[in-house]
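Here is my_file_20.txt, consisting of compact mmCIF, C-alpha atoms and all ligand atoms:
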# COMPACT_ATOMS: atom_id res chain seq x y z
CA MET A 1 -30.27 16.29 40.85
CA TYR A 2 -29.32 12.74 39.84
CA LEU A 3 -32.93 11.59 39.66
CA ILE A 4 -33.81 14.40 37.32
CA TYR A 5 -31.03 13.38 34.96
CA VAL A 6 -32.02 9.72 35.05
CA GLU A 7 -35.54 10.71 34.10
CA ASP A 8 -34.14 12.93 31.38
CA SER A 9 -32.17 10.03 29.94
CA ASP A 10 -35.25 7.82 29.93
CA TYR A 11 -37.02 10.52 28.01
CA CYS A 12 -34.71 9.70 25.12
CA ARG A 13 -36.16 6.19 24.88
CA ARG A 14 -39.74 7.36 24.47
CA PRO A 15 -41.16 8.06 21.02
CA HIS A 16 -40.53 11.65 19.96
CA SER A 17 -42.52 13.97 17.79
CA SER A 18 -39.35 14.61 15.79
CA PRO A 19 -36.16 12.54 15.62
CA THR A 20 -34.12 15.47 16.84
CA ASP A 21 -36.01 15.88 20.14
CA CYS A 22 -33.52 13.78 22.05
CA THR A 23 -30.45 15.36 20.48
CA MET A 24 -31.72 18.87 20.97
CA THR A 25 -32.82 18.74 24.55
CA GLN A 26 -30.95 16.17 26.63
CA HIS A 27 -27.58 14.69 27.35
CA PHE A 28 -26.53 11.45 28.96
CA HIS A 29 -23.88 12.61 31.41
CA LEU A 30 -24.32 13.90 34.94
CA ASN A 31 -23.02 17.05 36.56
CA THR A 32 -20.48 15.27 38.79
CA PRO A 33 -19.50 16.27 42.33
CA LEU A 34 -16.46 18.46 42.94
CA LEU A 35 -15.03 17.24 46.23
CA GLU A 36 -12.24 18.64 48.34
CA SER A 37 -9.69 15.97 49.22
CA VAL A 38 -8.42 16.66 52.71
CA SER A 39 -5.70 14.00 52.56
CA MET A 40 -4.36 15.08 49.16
CA SER A 41 -4.51 18.74 50.20
CA LYS A 42 -2.45 17.90 53.29
CA LEU A 43 0.10 16.03 51.19
CA LEU A 44 0.42 18.83 48.66
CA GLY A 45 0.17 21.78 51.04
CA ALA A 46 -2.52 23.25 48.76
CA THR A 47 -6.24 22.69 48.27
CA VAL A 48 -7.04 19.74 46.01
CA TYR A 49 -10.41 19.35 44.32
CA LEU A 50 -11.52 16.06 42.81
CA LYS A 51 -13.85 16.13 39.80
CA MET A 52 -15.56 12.79 40.36
CA GLU A 53 -16.04 11.52 36.83
CA ASN A 54 -16.04 7.97 38.19
CA SER A 55 -19.65 8.66 39.19
CA GLN A 56 -20.83 9.05 35.60
CA PRO A 57 -23.45 6.46 34.51
CA SER A 58 -20.96 4.43 32.44
CA GLY A 59 -18.23 4.70 35.10
CA SER A 60 -15.98 7.30 33.47
CA PHE A 61 -15.85 10.75 31.85
CA LYS A 62 -16.19 9.09 28.43
CA ILE A 63 -19.98 9.40 28.43
CA ARG A 64 -19.67 13.19 28.13
CA GLY A 65 -18.03 13.14 24.71
CA ILE A 66 -19.38 9.85 23.45
CA GLY A 67 -22.93 10.64 24.55
CA HIS A 68 -22.68 13.96 22.74
CA LEU A 69 -21.22 12.38 19.59
CA CYS A 70 -23.84 9.62 19.51
CA GLN A 71 -26.64 12.13 19.87
CA GLN A 72 -25.23 14.15 16.99
CA LEU A 73 -24.36 11.28 14.65
CA ALA A 74 -26.27 8.15 15.61
CA GLY A 75 -29.91 9.24 15.95
CA GLN A 76 -31.00 7.43 12.78
CA SER A 77 -28.23 4.82 12.88
CA ARG A 78 -28.74 1.10 12.28
CA GLY A 79 -26.05 0.54 14.94
CA VAL A 80 -22.90 1.98 16.43
CA VAL A 81 -19.46 0.37 16.56
CA CYS A 82 -16.66 1.41 18.89
CA ALA A 83 -13.20 0.00 19.57
CA SER A 84 -12.26 0.42 23.16
CA GLY A 85 -10.03 -0.58 26.02
CA GLY A 86 -13.34 -0.69 27.89
CA ASN A 87 -14.63 2.66 29.02
CA ALA A 88 -15.31 4.30 25.68
CA GLY A 89 -17.16 1.12 24.76
CA LEU A 90 -19.21 1.25 27.94
CA ALA A 91 -20.13 4.84 27.22
CA ALA A 92 -21.09 4.00 23.62
CA ALA A 93 -23.11 0.97 24.77
CA TYR A 94 -24.88 3.07 27.40
CA ALA A 95 -25.73 5.88 24.99
CA ALA A 96 -26.84 3.42 22.30
CA ARG A 97 -29.09 1.56 24.76
CA LYS A 98 -30.72 4.82 25.80
CA MET A 99 -31.23 5.72 22.13
CA GLY A 100 -32.57 2.29 21.23
CA VAL A 101 -29.72 1.64 18.80
CA PRO A 102 -27.68 -1.63 18.73
CA ALA A 103 -24.02 -1.37 19.81
CA THR A 104 -21.04 -3.50 18.81
CA ILE A 105 -17.95 -2.98 20.92
CA VAL A 106 -14.59 -4.32 19.76
CA VAL A 107 -12.11 -4.86 22.60
CA PRO A 108 -8.54 -6.17 22.54
CA SER A 109 -7.77 -9.43 24.34
CA SER A 110 -5.56 -7.49 26.78
CA SER A 111 -8.59 -5.80 28.39
CA PRO A 112 -9.59 -7.47 31.65
CA GLN A 113 -12.30 -10.13 31.41
CA LEU A 114 -14.63 -8.19 33.71
CA VAL A 115 -15.00 -5.52 31.00
CA PHE A 116 -16.53 -7.98 28.55
CA LYS A 117 -19.27 -8.84 31.02
CA ARG A 118 -19.97 -5.20 31.87
CA LEU A 119 -20.32 -4.42 28.17
CA GLN A 120 -22.74 -7.32 27.70
CA ASP A 121 -24.73 -6.12 30.71
CA GLN A 122 -25.15 -2.79 28.85
CA GLY A 123 -26.71 -4.78 26.01
CA ALA A 124 -23.73 -4.56 23.64
CA THR A 125 -22.44 -7.22 21.27
CA VAL A 126 -18.81 -7.74 22.28
CA LYS A 127 -16.12 -8.74 19.82
CA ILE A 128 -12.59 -9.50 21.00
CA THR A 129 -10.01 -8.70 18.34
CA GLY A 130 -6.22 -8.31 18.49
CA LYS A 131 -3.89 -7.72 21.38
CA VAL A 132 -4.08 -3.96 21.84
CA TRP A 133 -6.60 -1.20 21.17
CA ASP A 134 -5.08 -0.31 17.78
CA ASP A 135 -5.86 -3.85 16.50
CA ALA A 136 -9.43 -3.62 17.76
CA ASN A 137 -9.82 -0.23 16.13
CA ALA A 138 -8.85 -1.59 12.72
CA GLU A 139 -11.62 -4.18 13.09
CA ALA A 140 -14.16 -1.55 14.22
CA LEU A 141 -13.38 0.56 11.15
CA ARG A 142 -13.81 -2.52 8.95
CA LEU A 143 -17.17 -3.36 10.56
CA ALA A 144 -18.41 0.21 10.20
CA GLU A 145 -17.62 0.09 6.49
CA ALA A 146 -18.86 -3.44 5.84
CA GLU A 147 -22.09 -3.22 7.86
CA GLY A 148 -22.94 0.45 7.52
CA LEU A 149 -22.58 1.12 11.25
CA THR A 150 -21.86 4.50 12.82
CA PHE A 151 -18.21 4.55 13.87
CA VAL A 152 -17.70 5.95 17.37
CA PRO A 153 -14.07 6.96 17.90
CA PRO A 154 -12.98 6.73 21.56
CA PHE A 155 -10.75 9.82 21.66
CA ASP A 156 -10.12 11.46 18.27
CA HIS A 157 -13.09 13.62 17.26
CA PRO A 158 -14.07 17.29 17.85
CA LEU A 159 -17.55 16.26 19.06
CA LEU A 160 -15.93 14.17 21.80
CA TRP A 161 -13.78 17.08 22.90
CA GLN A 162 -16.80 19.38 22.89
CA GLY A 163 -18.65 16.90 25.12
CA HIS A 164 -15.70 16.42 27.50
CA ALA A 165 -15.28 20.22 27.77
CA SER A 166 -18.49 20.36 29.82
CA MET A 167 -16.59 19.07 32.85
CA ILE A 168 -14.57 22.30 32.99
CA THR A 169 -17.67 24.46 32.56
CA GLU A 170 -19.14 22.61 35.54
CA VAL A 171 -16.00 23.20 37.60
CA ALA A 172 -16.09 26.91 36.78
CA ALA A 173 -19.73 27.08 37.89
CA ALA A 174 -18.99 25.12 41.09
CA LEU A 175 -15.94 27.21 42.05
CA GLY A 176 -17.77 30.47 41.39
CA PRO A 177 -16.48 33.76 40.02
CA GLY A 178 -12.91 34.72 40.83
CA VAL A 179 -11.69 31.21 41.67
CA LYS A 180 -9.50 29.50 39.12
CA PRO A 181 -7.55 26.25 39.46
CA GLY A 182 -3.80 26.55 39.94
CA ALA A 183 -3.35 23.51 37.68
CA VAL A 184 -5.35 20.64 36.20
CA LEU A 185 -4.17 17.05 36.61
CA LEU A 186 -5.40 14.36 34.22
CA SER A 187 -4.52 11.12 32.43
CA VAL A 188 -3.76 10.76 28.73
CA GLY A 189 -4.57 7.72 26.62
CA GLY A 190 -5.32 8.67 23.03
CA GLY A 191 -5.58 12.31 24.10
CA GLY A 192 -9.35 12.88 23.97
CA LEU A 193 -9.63 13.86 27.62
CA LEU A 194 -6.71 16.28 27.25
CA CYS A 195 -8.25 17.88 24.13
CA GLY A 196 -11.63 18.16 25.87
CA VAL A 197 -10.15 19.76 28.97
CA ILE A 198 -8.17 22.25 26.84
CA GLN A 199 -11.38 23.02 24.96
CA GLY A 200 -13.11 23.58 28.30
CA LEU A 201 -10.29 25.81 29.58
CA LYS A 202 -10.67 27.86 26.39
CA ASP A 203 -14.44 28.04 26.85
CA VAL A 204 -14.12 29.53 30.35
CA GLY A 205 -11.04 31.69 29.65
CA TRP A 206 -8.58 29.63 31.72
CA THR A 207 -5.96 28.87 29.06
CA ASP A 208 -3.17 30.10 31.34
CA VAL A 209 -3.84 27.22 33.78
CA PRO A 210 -1.10 24.57 33.49
CA VAL A 211 -2.23 21.04 32.65
CA ILE A 212 -0.26 18.10 34.02
CA ALA A 213 -0.76 15.23 31.58
CA MET A 214 0.01 11.82 33.06
CA GLU A 215 0.71 8.47 31.44
CA THR A 216 2.25 5.22 32.58
CA VAL A 217 5.54 3.95 31.21
CA GLY A 218 4.57 1.51 28.46
CA ALA A 219 1.45 3.47 27.45
CA HIS A 220 3.27 6.76 26.89
CA SER A 221 2.34 7.76 23.34
CA PHE A 222 1.82 11.43 24.29
CA ASN A 223 5.11 11.71 26.15
CA ALA A 224 6.91 10.00 23.24
CA ALA A 225 5.37 12.49 20.80
CA VAL A 226 6.32 15.48 22.97
CA LYS A 227 9.89 14.20 23.23
CA ALA A 228 10.16 13.41 19.50
CA GLY A 229 8.59 16.72 18.45
CA LYS A 230 6.13 14.79 16.27
CA VAL A 231 3.43 12.15 16.60
CA VAL A 232 5.07 8.74 16.92
CA THR A 233 3.71 5.19 17.24
CA LEU A 234 4.85 3.00 20.11
CA ASP A 235 5.97 -0.54 19.24
CA ASP A 236 3.72 -2.08 21.85
CA ILE A 237 1.67 -1.34 24.95
CA THR A 238 3.45 -2.90 27.91
CA SER A 239 1.67 -1.06 30.75
CA GLU A 240 -1.17 -2.61 32.74
CA ALA A 241 -3.07 0.67 32.30
CA LYS A 242 -4.75 -0.79 29.21
CA CYS A 243 -7.20 2.07 28.88
CA LEU A 244 -4.27 4.42 28.32
CA GLY A 245 -3.01 2.03 25.68
CA ALA A 246 -3.32 3.79 22.33
CA LYS A 247 -0.05 3.34 20.45
CA THR A 248 -0.45 6.75 18.78
CA VAL A 249 -1.81 9.87 20.45
CA CYS A 250 -4.22 12.00 18.44
CA GLN A 251 -2.78 14.84 16.35
CA GLN A 252 -4.77 17.53 18.17
CA ALA A 253 -3.31 16.55 21.55
CA PHE A 254 0.18 16.77 20.11
CA GLU A 255 -0.56 20.15 18.51
CA TYR A 256 -1.80 21.52 21.83
CA SER A 257 1.47 20.37 23.42
CA GLN A 258 3.34 22.55 20.89
CA SER A 259 1.22 25.66 21.44
CA ASN A 260 2.91 28.67 23.01
CA ASN A 261 -0.42 29.79 24.45
CA LEU A 262 -0.88 26.65 26.55
CA ARG A 263 1.17 25.07 29.32
CA ILE A 264 1.02 21.26 29.12
CA ILE A 265 3.47 19.27 31.20
CA SER A 266 3.82 15.62 30.13
CA GLU A 267 4.96 13.23 32.86
CA LEU A 268 5.18 9.49 33.43
CA VAL A 269 4.71 7.17 36.39
CA THR A 270 5.35 3.45 36.63
CA ASP A 271 2.56 0.89 36.81
CA GLN A 272 3.60 0.27 40.42
CA GLN A 273 3.07 3.95 41.26
CA ALA A 274 -0.32 3.97 39.52
CA LEU A 275 -1.40 0.85 41.40
CA HIS A 276 -0.16 2.22 44.70
CA ALA A 277 -2.18 5.38 43.97
CA ILE A 278 -5.35 3.33 43.37
CA GLN A 279 -4.91 1.67 46.74
CA LEU A 280 -4.28 4.95 48.56
CA PHE A 281 -7.28 6.55 46.85
CA LEU A 282 -9.45 3.62 47.92
CA ASP A 283 -8.27 3.95 51.51
CA GLU A 284 -8.45 7.75 51.67
CA GLU A 285 -11.45 8.58 49.48
CA ARG A 286 -13.26 5.20 49.60
CA VAL A 287 -13.48 5.05 45.82
CA LEU A 288 -12.08 2.35 43.53
CA VAL A 289 -10.75 3.53 40.15
CA GLU A 290 -8.77 1.78 37.44
CA MET A 291 -5.10 2.03 36.48
CA ALA A 292 -5.77 4.66 33.80
CA CYS A 293 -7.00 6.97 36.55
CA GLY A 294 -4.29 5.85 38.99
CA ALA A 295 -1.73 7.41 36.63
CA ALA A 296 -3.11 10.89 37.39
CA LEU A 297 -3.60 10.26 41.11
CA ALA A 298 -0.01 9.03 41.37
CA ALA A 299 1.25 12.51 40.48
CA VAL A 300 0.00 13.67 43.87
CA TYR A 301 0.69 10.55 45.93
CA SER A 302 4.21 9.97 44.55
CA GLY A 303 5.28 13.55 45.24
CA LEU A 304 5.73 14.30 41.52
CA ILE A 305 3.83 17.59 41.68
CA LEU A 306 5.96 18.86 44.54
CA ARG A 307 9.08 17.80 42.60
CA LEU A 308 7.89 19.66 39.48
CA GLN A 309 7.49 22.76 41.61
CA GLU A 310 10.92 22.35 43.22
CA GLU A 311 12.47 21.96 39.77
CA GLY A 312 10.72 25.14 38.60
CA ARG A 313 8.78 23.24 35.92
CA LEU A 314 5.41 23.97 37.52
CA PRO A 315 4.77 27.39 39.05
CA ALA A 316 3.58 27.65 42.68
CA LEU A 317 -0.16 26.96 42.57
CA SER A 318 -2.16 30.19 42.44
CA GLY A 319 -5.39 28.28 43.12
CA PRO A 320 -6.59 24.77 43.96
CA LEU A 321 -5.25 21.74 42.13
CA LEU A 322 -8.06 20.25 40.04
CA VAL A 323 -7.76 16.47 39.68
CA ILE A 324 -9.87 14.86 36.98
CA VAL A 325 -10.85 11.54 38.54
CA CYS A 326 -11.53 9.91 35.19
CA GLY A 327 -12.74 6.69 36.87
CA GLY A 328 -12.96 3.53 34.80
CA SER A 329 -14.78 0.21 35.06
CA SER A 330 -11.85 -2.17 34.42
CA ILE A 331 -11.42 -2.77 38.12
CA ASN A 332 -12.90 -4.79 40.97
CA MET A 333 -11.41 -6.44 44.05
CA GLU A 334 -10.30 -9.51 42.08
CA GLN A 335 -8.63 -7.39 39.40
CA LEU A 336 -6.95 -5.31 42.09
CA THR A 337 -5.53 -8.47 43.69
CA ASP A 338 -4.37 -9.75 40.28
CA LEU A 339 -2.62 -6.46 39.58
CA LYS A 340 -0.92 -6.57 42.98
CA HIS A 341 0.46 -10.03 42.17
CA LYS A 342 1.48 -9.12 38.64
CA LEU A 343 3.20 -5.90 39.69
CA GLN A 344 4.53 -7.38 42.92
CA ILE A 345 3.21 -4.79 45.30
N1 LIG A 401 -9.80 4.92 27.44
C1 LIG A 401 -10.17 4.65 26.06
C2 LIG A 401 -9.01 4.42 25.17
O1 LIG A 401 -8.37 3.21 25.42
C3 LIG A 401 -11.19 3.53 26.03
O2 LIG A 401 -11.32 2.89 25.02
O3 LIG A 401 -11.88 3.35 27.00
N2 LIG A 401 -9.13 7.33 31.89
C4 LIG A 401 -9.92 6.29 31.57
C5 LIG A 401 -10.65 5.59 32.66
C6 LIG A 401 -10.04 5.88 30.24
O4 LIG A 401 -10.83 4.86 29.92
C7 LIG A 401 -9.31 6.56 29.23
C8 LIG A 401 -9.40 6.19 27.79
C9 LIG A 401 -8.49 7.63 29.62
C10 LIG A 401 -8.43 8.00 30.96
C11 LIG A 401 -7.71 8.45 28.64
O5 LIG A 401 -8.56 9.14 27.82
P1 LIG A 401 -8.15 9.53 26.33
O6 LIG A 401 -8.00 8.28 25.54
O7 LIG A 401 -9.26 10.38 25.89
O8 LIG A 401 -6.85 10.25 26.45
C12 LIG A 401 -7.27 2.94 24.56
Turn the structure described in the file into structure tokens.
Amino acid sequence: MYLIYVEDSDYCRRPHSSPTDCTMTQHFHLNTPLLESVSMSKLLGATVYLKMENSQPSGSFKIRGIGHLCQQLAGQSRGVVCASGGNAGLAAAYAARKMGVPATIVVPSSSPQLVFKRLQDQGATVKITGKVWDDANAEALRLAEAEGLTFVPPFDHPLLWQGHASMITEVAAALGPGVKPGAVLLSVGGGGLLCGVIQGLKDVGWTDVPVIAMETVGAHSFNAAVKAGKVVTLDDITSEAKCLGAKTVCQQAFEYSQSNNLRIISELVTDQQALHAIQLFLDEERVLVEMACGAALAAVYSGLILRLQEEGRLPALSGPLLVIVCGGSSINMEQLTDLKHKLQI
């Protein structure tokens, strides 16, 4: 299965009879594994399925939406530009490389050093601007305008959500008819993953499935919006989960949170809980993910889901818990050790 997709992606680099060949026929993401987690299931007392988005070519789910958007908008482009905490940029760089288009990725100085190198390895020009993602985004918008580049937003665009939605269609196909998740667990940064998953739930008729939307304290723009009853902008990003660090969540994510037809539960964990979750996940599942993903995993490992059920805020699960393992490339053993020192675990 994987080999076929790799060949398919290479197809996009060959000359085509028409410029739309690539856009029409192929996509860059993989159909990722859906794995049962025995240890999480034991902890929760219910079956837990992991949608392994960490195994995407660019290391996270981002390639689904960004690959789709690039194919729709960047076929004839003189170059793409994306501001990113890391993973959106890696997805844009990957898609651009496959399309033979130059990529400029603007990252804030707060992103770990290892991200810069990974972006360069994907053939991207890396520009470091500002302290947080919002600063980098202002520069990306300026570059797009000044140099006529195609702007690739990391989380706020319907084409991204449409691309991300494919992960839920895949889950529906893998679970088979009659099986529906009891809840979906995911992380929220700017809200693109949340919007994509909601789109996917709509596509397969699962809008009654509750979504548990996790952030870390200090990167909690969605939670702040839900509490304020309107989109708000955080003063700063103080969490180490830099890829969740958009100061303002996208409007669509907030609007979904207000919908009476959806059930979105916004919750927070500390950086320490997210880091602890990364370590447990590495030990139990033998997979290393970054802090942004640890935020979601921590909902299981910290007992938060059980607490939500005890408090009557989450109904008893009527099917398996679906965990979106969003992945992320801003992690290696050195970064993990640094985080342990910084957060004193
Ligand atoms: N990261 C974006 C936004 O950063 C980026 O530029 O890469 N999990 C991982 C591993 C991520 O990289 C991200 C987003 C998320 C979750 C959250 O996704 P979102 O932004 O669509 O809610 C500032």
So which residues are near ligand LIG 401 (chain A), meaning at most 6 Å away with only C-alpha atoms and all ligand atoms counted, given back as an mmCIF file with C-alpha atoms, in the coordinates of the input?
data_model
loop_
_atom_site.group_PDB
_atom_site.id
_atom_site.type_symbol
_atom_site.label_atom_id
_atom_site.label_comp_id
_atom_site.auth_asym_id
_atom_site.auth_seq_id
_atom_site.Cartn_x
_atom_site.Cartn_y
_atom_site.Cartn_z
ATOM 1 C CA SER A 60 -15.980 7.300 33.470
ATOM 2 C CA SER A 84 -12.260 0.420 23.160
ATOM 3 C CA GLY A 85 -10.030 -0.580 26.020
ATOM 4 C CA GLY A 86 -13.340 -0.690 27.890
ATOM 5 C CA ASN A 87 -14.630 2.660 29.020
ATOM 6 C CA ALA A 88 -15.310 4.300 25.680
ATOM 7 C CA TRP A 133 -6.600 -1.200 21.170
ATOM 8 C CA PRO A 154 -12.980 6.730 21.560
ATOM 9 C CA PHE A 155 -10.750 9.820 21.660
ATOM 10 C CA SER A 187 -4.520 11.120 32.430
ATOM 11 C CA VAL A 188 -3.760 10.760 28.730
ATOM 12 C CA GLY A 189 -4.570 7.720 26.620
ATOM 13 C CA GLY A 190 -5.320 8.670 23.030
ATOM 14 C CA GLY A 191 -5.580 12.310 24.100
ATOM 15 C CA GLY A 192 -9.350 12.880 23.970
ATOM 16 C CA LEU A 193 -9.630 13.860 27.620
ATOM 17 C CA CYS A 243 -7.200 2.070 28.880
ATOM 18 C CA LEU A 244 -4.270 4.420 28.320
ATOM 19 C CA GLY A 245 -3.010 2.030 25.680
ATOM 20 C CA ALA A 246 -3.320 3.790 22.330
ATOM 21 C CA ALA A 292 -5.770 4.660 33.800
ATOM 22 C CA CYS A 293 -7.000 6.970 36.550
ATOM 23 C CA CYS A 326 -11.530 9.910 35.190
ATOM 24 C CA GLY A 327 -12.740 6.690 36.870
ATOM 25 C CA GLY A 328 -12.960 3.530 34.800
#
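Counting only C-alpha atoms, the residue from A:Cys82, A:Leu304, A:Ala213, A:Ala295 that sits nearest to Ala136 of chain A is A:Cys82.
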May I have the residues within 10 Å of Val115 of chain A as a CSV table (one decimal) with C-alpha atoms, keeping the file's coordinate frame, using all atoms listed in the file and disregarding those fewer than 3 positions away in the same chain?
chain,number,residue,atom,x,y,z
A,85,GLY,CA,-10.0,-0.6,26.0
A,86,GLY,CA,-13.3,-0.7,27.9
A,87,ASN,CA,-14.6,2.7,29.0
A,89,GLY,CA,-17.2,1.1,24.8
A,90,LEU,CA,-19.2,1.2,27.9
A,107,VAL,CA,-12.1,-4.9,22.6
A,111,SER,CA,-8.6,-5.8,28.4
A,112,PRO,CA,-9.6,-7.5,31.6
A,118,ARG,CA,-20.0,-5.2,31.9
A,119,LEU,CA,-20.3,-4.4,28.2
A,120,GLN,CA,-22.7,-7.3,27.7
A,121,ASP,CA,-24.7,-6.1,30.7
A,126,VAL,CA,-18.8,-7.7,22.3
A,329,SER,CA,-14.8,0.2,35.1
A,330,SER,CA,-11.8,-2.2,34.4
A,331,ILE,CA,-11.4,-2.8,38.1
- Message: Just checking: using all atoms listed in the file, which residue out of A:Ile212, A:Leu343, A:Val152, A:Ala224 ends up closest to Leu185 of chain A?
- Response: A:Ile212
- Item | Neighbour list for Ser58 of chain A as an MDAnalysis selection string, cut-off 7 Å, only C-alpha atoms, skip fewer than 4 positions in-chain | chainID A and resid 63 90:91 94
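Across the model, the gap from atom CA of Asp271 of chain A to atom CA of Ile237 of chain A is 12.1 Å.
In this structure, atom CA of Gly319 of chain A sits 9.2 Å away from atom CA of Val48 of chain A.
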- Item | Nearest residue to His27 of chain A from the set A:Gln76, A:Asn261, A:Gln71, A:Gln344 (distances using all atoms listed in the file) | A:Gln71
- Task: May I ask for the distance between atom CA of Leu73 of chain A and atom CA of Ser110 of chain A, given in Å to one decimal place?
- Result: 29.2 Å
- Message: Which polymer residues, whether protein, DNA or RNA, lie within 12 Å of the coordinate (-23.9, -2.2, 12.6) when you count all atoms listed in the file? List them as a ChimeraX atom specification, using the chain letters and numbers from the file.
- Response: /A:74,76-82,96,101-106,124-125,140-152
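Within 9 Å of Val211 of chain A, once all atoms listed in the file are used and residues closer than 6 positions along the same chain are dropped, the contacting residues are Ala183, Val184, Leu185, Leu186, Leu194, Val197, Ile198, Leu262, Arg263, Ile264, Ile265 and Ser266 of chain A.
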Identify the residues around (-15.7, 23.9, 39.8) within a radius of 9 Å, measuring from all atoms listed in the file in the coordinates stated by the file, and give them as a compact mmCIF listing (two decimals) with C-alpha atoms, keeping the file's coordinate frame.
# COMPACT_ATOMS: atom_id res chain seq x y z
CA PRO A 33 -19.50 16.27 42.33
CA LEU A 34 -16.46 18.46 42.94
CA TYR A 49 -10.41 19.35 44.32
CA LYS A 51 -13.85 16.13 39.80
CA MET A 167 -16.59 19.07 32.85
CA ILE A 168 -14.57 22.30 32.99
CA THR A 169 -17.67 24.46 32.56
CA GLU A 170 -19.14 22.61 35.54
CA VAL A 171 -16.00 23.20 37.60
CA ALA A 172 -16.09 26.91 36.78
CA ALA A 173 -19.73 27.08 37.89
CA ALA A 174 -18.99 25.12 41.09
CA LEU A 175 -15.94 27.21 42.05
CA GLY A 176 -17.77 30.47 41.39
CA VAL A 179 -11.69 31.21 41.67
CA LYS A 180 -9.50 29.50 39.12
CA PRO A 181 -7.55 26.25 39.46
CA LEU A 322 -8.06 20.25 40.04
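Proximity ranking of A:Ala165, A:Gly178, A:Val323, A:Phe222 relative to Gln258 of chain A places A:Phe222 first, based on all atoms listed in the file.
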